[in-house]
$ cat query33.txt   # compact mmCIF, C-alpha atoms
# COMPACT_ATOMS: atom_id res chain seq x y z
CA MET M 1 106.08 115.51 77.76
CA LYS M 2 108.72 116.65 75.30
CA VAL M 3 111.30 114.44 73.66
CA LYS M 4 114.89 115.16 74.73
CA LYS M 5 116.44 112.30 72.78
CA ALA M 6 115.25 109.16 70.97
CA LEU M 7 117.74 106.47 71.99
CA ASN M 8 116.28 103.99 69.51
CA ASN M 9 112.92 103.12 67.94
CA ASN M 10 111.50 101.90 71.23
CA VAL M 11 113.21 104.03 73.90
CA VAL M 12 112.96 107.79 74.41
CA ILE M 13 114.41 110.18 76.98
CA ALA M 14 111.73 112.80 77.70
CA GLN M 15 111.20 115.85 79.89
CA HIS M 16 108.44 115.21 82.44
CA PRO M 17 106.71 118.20 84.15
CA GLU M 18 107.04 116.56 87.58
CA TYR M 19 109.85 113.98 87.41
CA GLU M 20 112.11 115.95 85.02
CA GLU M 21 114.05 113.45 82.87
CA VAL M 22 112.32 110.09 82.36
CA VAL M 23 112.82 107.02 80.17
CA LEU M 24 109.82 105.99 78.05
CA ILE M 25 109.66 102.50 76.55
CA GLY M 26 107.12 101.39 73.95
CA LYS M 27 107.00 99.81 70.52
CA GLY M 28 107.86 102.47 67.93
CA ILE M 29 107.76 105.30 70.46
CA GLY M 30 111.08 106.70 69.28
CA PHE M 31 110.58 106.21 65.54
CA ASN M 32 111.35 109.47 63.70
CA LYS M 33 111.02 111.44 66.94
CA LYS M 34 112.94 114.72 67.08
CA GLN M 35 114.07 116.75 70.07
CA GLY M 36 111.31 119.02 71.38
CA GLU M 37 108.42 117.02 69.91
CA GLN M 38 105.49 116.13 72.14
CA VAL M 39 105.02 112.55 73.32
CA GLU M 40 102.07 111.30 75.37
CA SER M 41 102.69 109.13 78.44
CA ASP M 42 99.86 106.74 77.52
CA VAL M 43 101.78 105.81 74.35
CA ALA M 44 104.54 104.29 76.51
CA GLU M 45 104.22 100.70 77.67
CA LYS M 46 106.59 101.47 80.55
CA PHE M 47 108.33 104.49 81.91
CA PHE M 48 110.77 105.00 84.75
CA VAL M 49 112.71 107.82 86.32
CA LEU M 50 116.49 108.00 86.39
CA LYS M 51 116.98 110.80 88.90
CA ASP M 52 120.71 110.36 89.20
CA LYS M 53 122.60 112.03 86.33
CA LYS M 54 125.24 109.34 86.38
CA GLU M 55 122.55 106.65 86.05
CA GLN M 56 121.08 108.53 83.07
CA GLU M 57 124.41 108.64 81.25
CA GLN M 58 125.14 104.99 82.02
CA TYR M 59 121.75 103.94 80.66
CA LYS M 60 122.26 105.96 77.47
CA GLU M 61 125.68 104.34 77.04
CA LEU M 62 124.14 100.92 77.67
CA LEU M 63 121.69 101.34 74.79
CA THR M 64 124.52 101.95 72.33
CA TYR M 65 125.55 98.28 72.49
CA VAL M 66 122.51 96.38 73.85
CA ASP M 67 119.86 95.61 71.22
CA GLU M 68 116.28 96.78 71.67
CA SER M 69 114.74 93.34 72.11
CA PHE M 70 117.05 92.62 75.04
CA VAL M 71 116.18 95.95 76.67
CA GLY M 72 112.53 94.89 76.41
CA LEU M 73 113.29 91.58 78.16
CA MET M 74 115.12 93.39 80.96
CA ASN M 75 112.22 95.74 81.56
CA GLU M 76 109.89 92.75 81.80
CA LEU M 77 112.23 91.33 84.45
CA THR M 78 112.24 94.60 86.40
CA THR M 79 108.44 94.65 86.37
CA LEU M 80 108.37 91.02 87.55
CA ILE M 81 110.72 91.81 90.46
CA GLN M 82 108.60 94.77 91.56
CA LYS M 83 105.37 92.79 91.38
CA ARG M 84 106.84 89.83 93.27
CA PHE M 85 108.13 91.94 96.15
CA GLN M 86 105.49 94.68 95.96
CA VAL M 87 108.12 97.40 96.17
CA GLN M 88 109.67 100.02 93.92
CA VAL M 89 113.20 98.80 93.23
CA HIS M 90 116.18 101.12 93.03
CA GLU M 91 116.53 102.71 89.59
CA HIS M 92 120.09 101.42 89.23
CA ILE M 93 118.76 97.93 88.42
CA HIS M 94 117.84 99.16 84.93
CA VAL M 95 121.53 99.74 84.28
CA ALA M 96 123.23 97.14 86.48
CA LEU M 97 121.12 94.04 85.75
CA THR M 98 120.81 94.76 82.02
CA ASP M 99 124.56 95.27 81.67
CA HIS M 100 125.39 92.21 83.77
CA LEU M 101 123.00 89.83 81.99
CA TYR M 102 123.90 91.11 78.52
CA PHE M 103 127.55 90.13 78.99
CA ALA M 104 126.72 86.95 80.94
CA ILE M 105 124.51 85.70 78.09
CA LYS M 106 127.14 86.74 75.57
CA ARG M 107 129.69 84.57 77.43
CA VAL M 108 127.26 81.63 77.46
CA LYS M 109 126.74 81.91 73.69
CA GLN M 110 130.52 81.95 73.24
CA GLY M 111 130.77 78.72 75.23
CA LEU M 112 132.51 80.34 78.20
CA GLY M 113 131.71 79.11 81.71
CA ILE M 114 130.32 81.09 84.63
CA SER M 115 131.81 80.27 88.03
CA ASN M 116 130.25 81.32 91.32
CA PRO M 117 132.01 80.08 94.49
CA PHE M 118 129.40 81.73 96.76
CA LEU M 119 126.27 80.07 95.37
CA ILE M 120 125.22 78.22 98.54
CA GLU M 121 126.02 81.22 100.74
CA THR M 122 123.94 83.50 98.52
CA GLU M 123 120.93 81.16 98.58
CA LEU M 124 121.13 80.95 102.37
CA ALA M 125 121.43 84.70 102.82
CA TYR M 126 118.75 85.75 100.34
CA PRO M 127 116.33 82.82 99.78
CA LYS M 128 113.46 84.87 98.26
CA GLU M 129 115.75 86.70 95.86
CA TYR M 130 117.43 83.40 94.96
CA ALA M 131 114.08 81.72 94.26
CA LEU M 132 113.08 84.53 91.87
CA ALA M 133 116.53 84.49 90.25
CA THR M 134 116.04 80.77 89.57
CA GLU M 135 112.74 81.56 87.81
CA ILE M 136 114.42 84.33 85.82
CA VAL M 137 117.18 82.01 84.57
CA GLU M 138 114.59 79.42 83.50
CA TRP M 139 112.58 82.15 81.73
CA LEU M 140 115.65 83.49 79.92
CA ASN M 141 116.69 79.98 78.88
CA GLU M 142 113.28 79.49 77.26
CA LYS M 143 113.13 82.96 75.67
CA LEU M 144 116.66 82.90 74.27
CA SER M 145 117.02 79.13 73.66
CA ILE M 146 120.19 78.90 75.74
CA VAL M 147 121.32 77.16 78.93
CA ILE M 148 122.56 79.63 81.54
CA PRO M 149 124.80 77.95 84.18
CA GLU M 150 123.46 77.61 87.72
CA GLY M 151 126.16 79.94 89.06
CA GLU M 152 124.46 82.87 87.35
CA ILE M 153 121.45 82.47 89.67
CA GLY M 154 123.54 83.73 92.58
CA PHE M 155 124.70 86.84 90.72
CA ILE M 156 121.13 87.72 89.68
CA ALA M 157 119.95 87.20 93.28
CA LEU M 158 122.56 89.71 94.50
CA HIS M 159 121.41 92.26 91.92
CA ILE M 160 117.80 91.79 93.06
CA HIS M 161 118.75 92.15 96.72
CA SER M 162 120.78 95.27 95.96
CA ALA M 163 117.83 96.86 94.13
CA LEU M 164 115.32 95.90 96.84
CA THR M 165 117.40 97.14 99.77
CA ARG M 166 118.88 100.12 97.88
CA ARG M 167 122.31 98.97 99.02
CA PRO M 168 125.15 99.23 96.49
CA LEU M 169 125.99 95.92 94.85
CA SER M 170 129.61 96.42 95.94
CA GLU M 171 128.46 96.41 99.58
CA VAL M 172 126.33 93.29 99.09
CA ASN M 173 129.30 91.56 97.44
CA ARG M 174 131.64 92.61 100.27
CA HIS M 175 129.38 90.93 102.82
CA THR M 176 129.28 87.71 100.78
CA GLN M 177 133.07 87.72 100.44
CA LEU M 178 133.45 88.48 104.16
CA ILE M 179 131.45 85.34 104.98
CA ALA M 180 133.74 83.32 102.70
CA THR M 181 136.81 84.73 104.48
CA LEU M 182 135.36 83.85 107.90
CA ILE M 183 134.64 80.29 106.78
CA GLU M 184 138.20 79.93 105.50
CA VAL M 185 139.56 81.13 108.89
CA ILE M 186 137.32 78.62 110.68
CA GLU M 187 138.53 75.72 108.54
CA LEU M 188 142.19 76.65 109.04
CA SER M 189 141.83 77.25 112.78
CA LEU M 190 139.92 74.03 113.47
CA SER M 191 141.84 71.98 110.88
CA LEU M 192 138.71 70.73 109.17
CA GLN M 193 137.02 70.73 105.78
CA ILE M 194 133.44 71.83 106.22
CA ASP M 195 130.75 70.02 104.25
CA ARG M 196 128.88 72.85 102.48
CA LYS M 197 125.65 70.85 102.71
CA ASP M 198 125.95 70.12 106.42
CA ILE M 199 123.05 71.56 108.43
CA HIS M 200 125.43 73.13 110.97
CA TYR M 201 127.30 74.93 108.19
CA LEU M 202 124.05 76.21 106.71
CA ARG M 203 122.96 77.54 110.10
CA LEU M 204 126.34 79.20 110.68
CA VAL M 205 126.27 81.02 107.33
CA ARG M 206 122.70 82.20 107.92
CA HIS M 207 123.70 83.41 111.38
CA LEU M 208 126.74 85.31 110.08
CA HIS M 209 124.64 87.13 107.49
CA ASP M 210 122.01 87.97 110.10
CA ALA M 211 124.70 89.17 112.51
CA ILE M 212 126.19 91.52 109.91
CA ASP M 213 122.74 92.88 109.08
CA ARG M 214 121.96 93.47 112.77
CA VAL M 215 125.21 95.34 113.28
CA GLU M 216 124.64 97.43 110.13
CA LYS M 217 121.16 98.35 111.40
CA GLY M 218 122.33 98.90 114.99
CA SER M 219 119.95 96.29 116.45
CA TYR M 220 122.18 94.54 118.98
CA ASP M 221 121.37 91.40 120.93
CA GLU M 222 120.93 91.25 124.68
CA ASN M 223 123.84 90.77 127.08
CA GLN M 224 125.11 87.18 127.39
CA ASN M 225 127.94 87.61 129.93
CA ALA M 226 126.90 84.71 132.17
CA LEU M 227 126.76 82.22 129.31
CA ALA M 228 129.96 83.64 127.83
CA LYS M 229 131.92 82.68 130.95
CA VAL M 230 130.60 79.13 130.82
CA LEU M 231 131.45 78.70 127.15
CA GLN M 232 134.89 80.24 127.62
CA GLU M 233 135.67 77.58 130.25
CA GLN M 234 134.12 74.62 128.45
CA TYR M 235 135.09 75.41 124.84
CA PRO M 236 138.16 77.70 124.98
CA ILE M 237 139.31 76.96 121.41
CA CYS M 238 135.93 77.78 119.86
CA TYR M 239 135.43 80.77 122.16
CA ASN M 240 138.81 82.28 121.24
CA LEU M 241 138.13 81.61 117.56
CA SER M 242 134.78 83.40 117.85
CA TRP M 243 136.60 86.53 119.02
CA LYS M 244 139.08 86.21 116.17
CA LEU M 245 136.13 86.15 113.75
CA ILE M 246 134.53 89.13 115.48
CA LYS M 247 137.71 91.18 115.04
CA ILE M 248 137.80 90.32 111.32
CA MET M 249 134.16 91.37 111.00
CA GLN M 250 134.76 94.63 112.87
CA LYS M 251 137.68 95.52 110.65
CA ALA M 252 135.71 94.72 107.48
CA ILE M 253 132.49 96.59 108.25
CA LYS M 254 134.10 99.22 110.50
CA LYS M 255 131.49 98.85 113.24
CA THR M 256 131.55 97.42 116.75
CA ILE M 257 130.27 93.84 117.09
CA PRO M 258 128.37 93.24 120.37
CA GLU M 259 130.03 90.87 122.86
CA ALA M 260 126.94 88.66 122.83
CA GLU M 261 127.97 87.60 119.32
CA ALA M 262 130.87 85.61 120.81
CA VAL M 263 128.34 83.37 122.58
CA TYR M 264 126.35 82.54 119.45
CA LEU M 265 129.44 82.01 117.33
CA THR M 266 131.02 79.73 119.94
CA MET M 267 127.94 77.49 119.94
CA HIS M 268 127.92 77.29 116.13
CA LEU M 269 131.66 76.56 116.05
CA GLN M 270 131.36 73.86 118.70
CA ARG M 271 128.68 72.06 116.69
CA LEU M 272 130.86 72.23 113.57
CA SER M 273 133.99 71.01 115.37
CA LYS M 274 132.09 67.97 116.67
CA GLN M 275 131.35 66.97 113.12
$ encode --input "query33.txt" --output "structure tokens"
Amino acid sequence: MKVKKALNNNVVIAQHPEYEEVVLIGKGIGFNKKQGEQVESDVAEKFFVLKDKKEQEQYKELLTYVDESFVGLMNELTTLIQKRFQVQVHEHIHVALTDHLYFAIKRVKQGLGISNPFLIETELAYPKEYALATEIVEWLNEKLSIVIPEGEIGFIALHIHSALTRRPLSEVNRHTQLIATLIEVIELSLSLQIDRKDIHYLRLVRHLHDAIDRVEKGSYDENQNALAKVLQEQYPICYNLSWKLIKIMQKAIKKTIPEAEAVYLTMHLQRLSKQ
């Protein structure tokens, strides 16, 4: 491979014969390297491909303000994520997670708090990602001798999920915020304050996330017309509210929600209202 640009002593952008532009990471790999010089792949401790030109430019920009030791930590985290889930994560995580954690840790060192109102909802929706994010926070606390607030676990989990599913982080965030909006509508409509640790609430949130995923993937549930009529008669308030929620979901994700969803939502709402 030939060096295109040495970003710092330990990171080089190189021209690969198969993958075109790649990022090589290794101790001293960029020291005194000039454009056009040869560099062997076995010298690099890690290397990854940034196929998207925008990703390449963002990563180069990132390295102008993030120190080399932190870049090394972030690449260890990326390797850990890939090993844990046995999958090649989306290349954007090299930019997105490094940038996010750099500023999050900077805020912690400045004594600024980190608030995350969707922590419980994130753990319910993405339990495996959340478990790994918890480990990552503990690891960073030990490595950097800091105490990262619990709320940061949720944000890291979303970044991991985004990289694993190759869904934009903005889309993942929209779904989380949509769930929060639906819960707010439920509380207002039923005039209740839901206990976020109540088992019925936990099941409802998990169901809403699963429902959105099913609709996004086009895997609809079977027809439930017979049961829908029964529930409409027995629990009219919850049944009508379920349709109100469905309309909000349809507007947000711009896809049709199957009618069977009204049945499942009505049952969840009825359990909550009894509480």
$ closest_residue --input "query33.txt" --among "M:Asn10, M:Gln177, M:Thr165, M:Asn225" --to "M:Val71" --atoms "only C-alpha atoms"
M:Asn10
$ closest_residue --input "query33.txt" --among "M:Lys5, M:His268, M:Lys254, M:Lys217" --to "M:Leu241" --atoms "only C-alpha atoms"
M:His268
$ residues_around --input "query33.txt" --residues "M:Gln58" --least-positions-apart "2" --cutoff "12 Å" --atoms "only C-alpha atoms" --output "JSON, numbers by chain"
{"M": [50, 52, 53, 54, 55, 56, 60, 61, 62, 63, 64, 65, 91, 92, 93, 94, 95, 96, 98, 99]}
$ atom_distance --input "query33.txt" --atom1 "atom CA of M:Ala157" --atom2 "atom CA of M:Leu24"
26.2 Å
$ closest_residue --input "query33.txt" --among "M:Ala163, M:Ile156, M:Val22, M:Ala133" --to "M:Gln88" --atoms "all atoms listed in the file"
M:Ala163
$ residues_around --input "query33.txt" --residues "M:His16" --least-positions-apart "2" --cutoff "10 Å" --atoms "all atoms listed in the file" --output "NGL selection string"
:M and (1-3 or 13-14 or 18-23 or 41 or 49)
$ atom_distance --input "query33.txt" --atom1 "atom CA of M:Gln234" --atom2 "atom CA of M:Glu261"
17.0 Å
$ residues_near_point --input "query33.txt" --point "(125.9, 92.8, 99.6)" --cutoff "12 Å" --atoms "all atoms listed in the file" --output "number ranges by chain"
M: 118, 121-122, 125-126, 154-155, 157-179, 209, 212-213, 216, 253
$ residues_around --input "query33.txt" --residues "M:Ile246" --least-positions-apart "5" --cutoff "10 Å" --atoms "only C-alpha atoms" --output "PDB file with C-alpha atoms, in the frame of the given file"
ATOM      1  CA  LEU M 182     135.360  83.850 107.900  1.00  0.00           C
ATOM      2  CA  ASN M 240     138.810  82.280 121.240  1.00  0.00           C
ATOM      3  CA  LEU M 241     138.130  81.610 117.560  1.00  0.00           C
ATOM      4  CA  LYS M 251     137.680  95.520 110.650  1.00  0.00           C
ATOM      5  CA  ALA M 252     135.710  94.720 107.480  1.00  0.00           C
ATOM      6  CA  THR M 256     131.550  97.420 116.750  1.00  0.00           C
ATOM      7  CA  ILE M 257     130.270  93.840 117.090  1.00  0.00           C
ATOM      8  CA  PRO M 258     128.370  93.240 120.370  1.00  0.00           C
ATOM      9  CA  GLU M 259     130.030  90.870 122.860  1.00  0.00           C
ATOM     10  CA  GLU M 261     127.970  87.600 119.320  1.00  0.00           C
ATOM     11  CA  ALA M 262     130.870  85.610 120.810  1.00  0.00           C
ATOM     12  CA  LEU M 265     129.440  82.010 117.330  1.00  0.00           C
TER      13      LEU M 265
END
$ residues_around --input "query33.txt" --residues "M:Pro149" --least-positions-apart "6" --cutoff "12 Å" --atoms "only C-alpha atoms" --output "number ranges by chain"
M: 104-105, 107-109, 111-116, 119, 134, 137-138, 140-141, 155-156
$ atom_distance --input "query33.txt" --atom1 "atom CA of M:Leu190" --atom2 "atom CA of M:Leu204"
14.8 Å
$ residues_near_point --input "query33.txt" --point "(115.3, 85.5, 78.3)" --cutoff "12 Å" --atoms "all atoms listed in the file" --output "ChimeraX atom specification"
/M:69-77,98,101-102,104-105,135-148
$ write_last_selection --input "query33.txt" --atoms "C-alpha atoms" --output "PDB file, in the frame of the given file"
ATOM      1  CA  SER M  69     114.740  93.340  72.110  1.00  0.00           C
ATOM      2  CA  PHE M  70     117.050  92.620  75.040  1.00  0.00           C
ATOM      3  CA  VAL M  71     116.180  95.950  76.670  1.00  0.00           C
ATOM      4  CA  GLY M  72     112.530  94.890  76.410  1.00  0.00           C
ATOM      5  CA  LEU M  73     113.290  91.580  78.160  1.00  0.00           C
ATOM      6  CA  MET M  74     115.120  93.390  80.960  1.00  0.00           C
ATOM      7  CA  ASN M  75     112.220  95.740  81.560  1.00  0.00           C
ATOM      8  CA  GLU M  76     109.890  92.750  81.800  1.00  0.00           C
ATOM      9  CA  LEU M  77     112.230  91.330  84.450  1.00  0.00           C
ATOM     10  CA  THR M  98     120.810  94.760  82.020  1.00  0.00           C
ATOM     11  CA  LEU M 101     123.000  89.830  81.990  1.00  0.00           C
ATOM     12  CA  TYR M 102     123.900  91.110  78.520  1.00  0.00           C
ATOM     13  CA  ALA M 104     126.720  86.950  80.940  1.00  0.00           C
ATOM     14  CA  ILE M 105     124.510  85.700  78.090  1.00  0.00           C
ATOM     15  CA  GLU M 135     112.740  81.560  87.810  1.00  0.00           C
ATOM     16  CA  ILE M 136     114.420  84.330  85.820  1.00  0.00           C
ATOM     17  CA  VAL M 137     117.180  82.010  84.570  1.00  0.00           C
ATOM     18  CA  GLU M 138     114.590  79.420  83.500  1.00  0.00           C
ATOM     19  CA  TRP M 139     112.580  82.150  81.730  1.00  0.00           C
ATOM     20  CA  LEU M 140     115.650  83.490  79.920  1.00  0.00           C
ATOM     21  CA  ASN M 141     116.690  79.980  78.880  1.00  0.00           C
ATOM     22  CA  GLU M 142     113.280  79.490  77.260  1.00  0.00           C
ATOM     23  CA  LYS M 143     113.130  82.960  75.670  1.00  0.00           C
ATOM     24  CA  LEU M 144     116.660  82.900  74.270  1.00  0.00           C
ATOM     25  CA  SER M 145     117.020  79.130  73.660  1.00  0.00           C
ATOM     26  CA  ILE M 146     120.190  78.900  75.740  1.00  0.00           C
ATOM     27  CA  VAL M 147     121.320  77.160  78.930  1.00  0.00           C
ATOM     28  CA  ILE M 148     122.560  79.630  81.540  1.00  0.00           C
TER      29      ILE M 148
END
$ closest_residue --input "query33.txt" --among "M:Glu129, M:Lys51, M:Leu192, M:Gly36" --to "M:Leu80" --atoms "only C-alpha atoms"
M:Glu129
$ closest_residue --input "query33.txt" --among "M:Lys247, M:Lys255, M:Ile237, M:Ile183" --to "M:Arg214" --atoms "all atoms listed in the file"
M:Lys255
$ closest_residue --input "query33.txt" --among "M:Asn9, M:Gln193, M:Gln110, M:Gln250" --to "M:Gly30" --atoms "all atoms listed in the file"
M:Asn9
$ decode --input "query33.txt" --residues "stretch 223-234 of chain M" --atoms "all heavy atoms" --output "PDB file, in the first residue's frame"
ATOM      1  N   ASN M 223     -54.521 -11.672  11.172  1.00  0.00           N
ATOM      2  CA  ASN M 223     -55.775 -10.936  11.387  1.00  0.00           C
ATOM      3  C   ASN M 223     -56.363 -11.242  12.768  1.00  0.00           C
ATOM      4  O   ASN M 223     -56.342 -12.378  13.226  1.00  0.00           O
ATOM      5  CB  ASN M 223     -56.771 -11.344  10.288  1.00  0.00           C
ATOM      6  CG  ASN M 223     -57.980 -10.428  10.282  1.00  0.00           C
ATOM      7  OD1 ASN M 223     -58.779 -10.449  11.207  1.00  0.00           O
ATOM      8  ND2 ASN M 223     -58.110  -9.634   9.230  1.00  0.00           N
ATOM      9  N   GLN M 224     -56.879 -10.214  13.426  1.00  0.00           N
ATOM     10  CA  GLN M 224     -57.455 -10.381  14.766  1.00  0.00           C
ATOM     11  C   GLN M 224     -58.836  -9.739  14.848  1.00  0.00           C
ATOM     12  O   GLN M 224     -59.235  -9.216  15.888  1.00  0.00           O
ATOM     13  CB  GLN M 224     -56.530  -9.733  15.813  1.00  0.00           C
ATOM     14  CG  GLN M 224     -55.176 -10.398  15.946  1.00  0.00           C
ATOM     15  CD  GLN M 224     -55.235 -11.690  16.736  1.00  0.00           C
ATOM     16  OE1 GLN M 224     -56.282 -12.091  17.234  1.00  0.00           O
ATOM     17  NE2 GLN M 224     -54.102 -12.366  16.842  1.00  0.00           N
ATOM     18  N   ASN M 225     -59.613  -9.788  13.739  1.00  0.00           N
ATOM     19  CA  ASN M 225     -60.894  -9.091  13.680  1.00  0.00           C
ATOM     20  C   ASN M 225     -61.884  -9.536  14.740  1.00  0.00           C
ATOM     21  O   ASN M 225     -62.582  -8.721  15.348  1.00  0.00           O
ATOM     22  CB  ASN M 225     -61.527  -9.261  12.290  1.00  0.00           C
ATOM     23  CG  ASN M 225     -60.798  -8.416  11.245  1.00  0.00           C
ATOM     24  OD1 ASN M 225     -60.070  -7.493  11.592  1.00  0.00           O
ATOM     25  ND2 ASN M 225     -60.982  -8.754   9.976  1.00  0.00           N
ATOM     26  N   ALA M 226     -61.949 -10.850  14.978  1.00  0.00           N
ATOM     27  CA  ALA M 226     -62.915 -11.387  15.946  1.00  0.00           C
ATOM     28  C   ALA M 226     -62.632 -10.854  17.343  1.00  0.00           C
ATOM     29  O   ALA M 226     -63.541 -10.399  18.052  1.00  0.00           O
ATOM     30  CB  ALA M 226     -62.877 -12.914  15.930  1.00  0.00           C
ATOM     31  N   LEU M 227     -61.374 -10.897  17.742  1.00  0.00           N
ATOM     32  CA  LEU M 227     -60.997 -10.416  19.067  1.00  0.00           C
ATOM     33  C   LEU M 227     -61.127  -8.900  19.153  1.00  0.00           C
ATOM     34  O   LEU M 227     -61.487  -8.361  20.215  1.00  0.00           O
ATOM     35  CB  LEU M 227     -59.562 -10.845  19.377  1.00  0.00           C
ATOM     36  CG  LEU M 227     -59.040 -10.556  20.795  1.00  0.00           C
ATOM     37  CD1 LEU M 227     -59.967 -11.112  21.855  1.00  0.00           C
ATOM     38  CD2 LEU M 227     -57.633 -11.134  20.950  1.00  0.00           C
ATOM     39  N   ALA M 228     -60.891  -8.220  18.045  1.00  0.00           N
ATOM     40  CA  ALA M 228     -61.011  -6.764  18.024  1.00  0.00           C
ATOM     41  C   ALA M 228     -62.424  -6.317  18.372  1.00  0.00           C
ATOM     42  O   ALA M 228     -62.625  -5.360  19.129  1.00  0.00           O
ATOM     43  CB  ALA M 228     -60.615  -6.229  16.653  1.00  0.00           C
ATOM     44  N   LYS M 229     -63.422  -7.012  17.865  1.00  0.00           N
ATOM     45  CA  LYS M 229     -64.817  -6.662  18.144  1.00  0.00           C
ATOM     46  C   LYS M 229     -65.141  -6.832  19.621  1.00  0.00           C
ATOM     47  O   LYS M 229     -65.846  -6.022  20.224  1.00  0.00           O
ATOM     48  CB  LYS M 229     -65.748  -7.528  17.292  1.00  0.00           C
ATOM     49  CG  LYS M 229     -65.700  -7.182  15.805  1.00  0.00           C
ATOM     50  CD  LYS M 229     -66.624  -8.083  15.001  1.00  0.00           C
ATOM     51  CE  LYS M 229     -66.557  -7.739  13.511  1.00  0.00           C
ATOM     52  NZ  LYS M 229     -67.425  -8.618  12.693  1.00  0.00           N
ATOM     53  N   VAL M 230     -64.619  -7.895  20.212  1.00  0.00           N
ATOM     54  CA  VAL M 230     -64.851  -8.153  21.637  1.00  0.00           C
ATOM     55  C   VAL M 230     -64.227  -7.053  22.486  1.00  0.00           C
ATOM     56  O   VAL M 230     -64.864  -6.509  23.399  1.00  0.00           O
ATOM     57  CB  VAL M 230     -64.275  -9.528  22.052  1.00  0.00           C
ATOM     58  CG1 VAL M 230     -64.376  -9.716  23.567  1.00  0.00           C
ATOM     59  CG2 VAL M 230     -64.997 -10.650  21.324  1.00  0.00           C
ATOM     60  N   LEU M 231     -62.985  -6.724  22.184  1.00  0.00           N
ATOM     61  CA  LEU M 231     -62.272  -5.699  22.957  1.00  0.00           C
ATOM     62  C   LEU M 231     -62.899  -4.315  22.777  1.00  0.00           C
ATOM     63  O   LEU M 231     -62.947  -3.520  23.712  1.00  0.00           O
ATOM     64  CB  LEU M 231     -60.796  -5.658  22.548  1.00  0.00           C
ATOM     65  CG  LEU M 231     -59.970  -6.896  22.901  1.00  0.00           C
ATOM     66  CD1 LEU M 231     -58.568  -6.761  22.332  1.00  0.00           C
ATOM     67  CD2 LEU M 231     -59.909  -7.096  24.401  1.00  0.00           C
ATOM     68  N   GLN M 232     -63.375  -4.039  21.568  1.00  0.00           N
ATOM     69  CA  GLN M 232     -64.019  -2.754  21.304  1.00  0.00           C
ATOM     70  C   GLN M 232     -65.258  -2.585  22.172  1.00  0.00           C
ATOM     71  O   GLN M 232     -65.551  -1.485  22.648  1.00  0.00           O
ATOM     72  CB  GLN M 232     -64.380  -2.652  19.825  1.00  0.00           C
ATOM     73  CG  GLN M 232     -64.905  -1.278  19.429  1.00  0.00           C
ATOM     74  CD  GLN M 232     -65.158  -1.186  17.939  1.00  0.00           C
ATOM     75  OE1 GLN M 232     -65.170  -2.206  17.231  1.00  0.00           O
ATOM     76  NE2 GLN M 232     -65.350   0.021  17.432  1.00  0.00           N
ATOM     77  N   GLU M 233     -65.993  -3.668  22.389  1.00  0.00           N
ATOM     78  CA  GLU M 233     -67.206  -3.631  23.209  1.00  0.00           C
ATOM     79  C   GLU M 233     -66.880  -3.576  24.702  1.00  0.00           C
ATOM     80  O   GLU M 233     -67.513  -2.840  25.459  1.00  0.00           O
ATOM     81  CB  GLU M 233     -68.068  -4.860  22.916  1.00  0.00           C
ATOM     82  CG  GLU M 233     -68.676  -4.851  21.516  1.00  0.00           C
ATOM     83  CD  GLU M 233     -69.436  -6.133  21.209  1.00  0.00           C
ATOM     84  OE1 GLU M 233     -69.517  -7.005  22.100  1.00  0.00           O
ATOM     85  OE2 GLU M 233     -69.926  -6.266  20.073  1.00  0.00           O
ATOM     86  N   GLN M 234     -65.896  -4.364  25.118  1.00  0.00           N
ATOM     87  CA  GLN M 234     -65.594  -4.457  26.546  1.00  0.00           C
ATOM     88  C   GLN M 234     -64.732  -3.305  27.061  1.00  0.00           C
ATOM     89  O   GLN M 234     -64.898  -2.858  28.198  1.00  0.00           O
ATOM     90  CB  GLN M 234     -64.897  -5.788  26.847  1.00  0.00           C
ATOM     91  CG  GLN M 234     -65.798  -7.000  26.659  1.00  0.00           C
ATOM     92  CD  GLN M 234     -65.142  -8.271  27.174  1.00  0.00           C
ATOM     93  OE1 GLN M 234     -64.018  -8.266  27.652  1.00  0.00           O
ATOM     94  NE2 GLN M 234     -65.865  -9.382  27.080  1.00  0.00           N
TER      95      GLN M 234
END
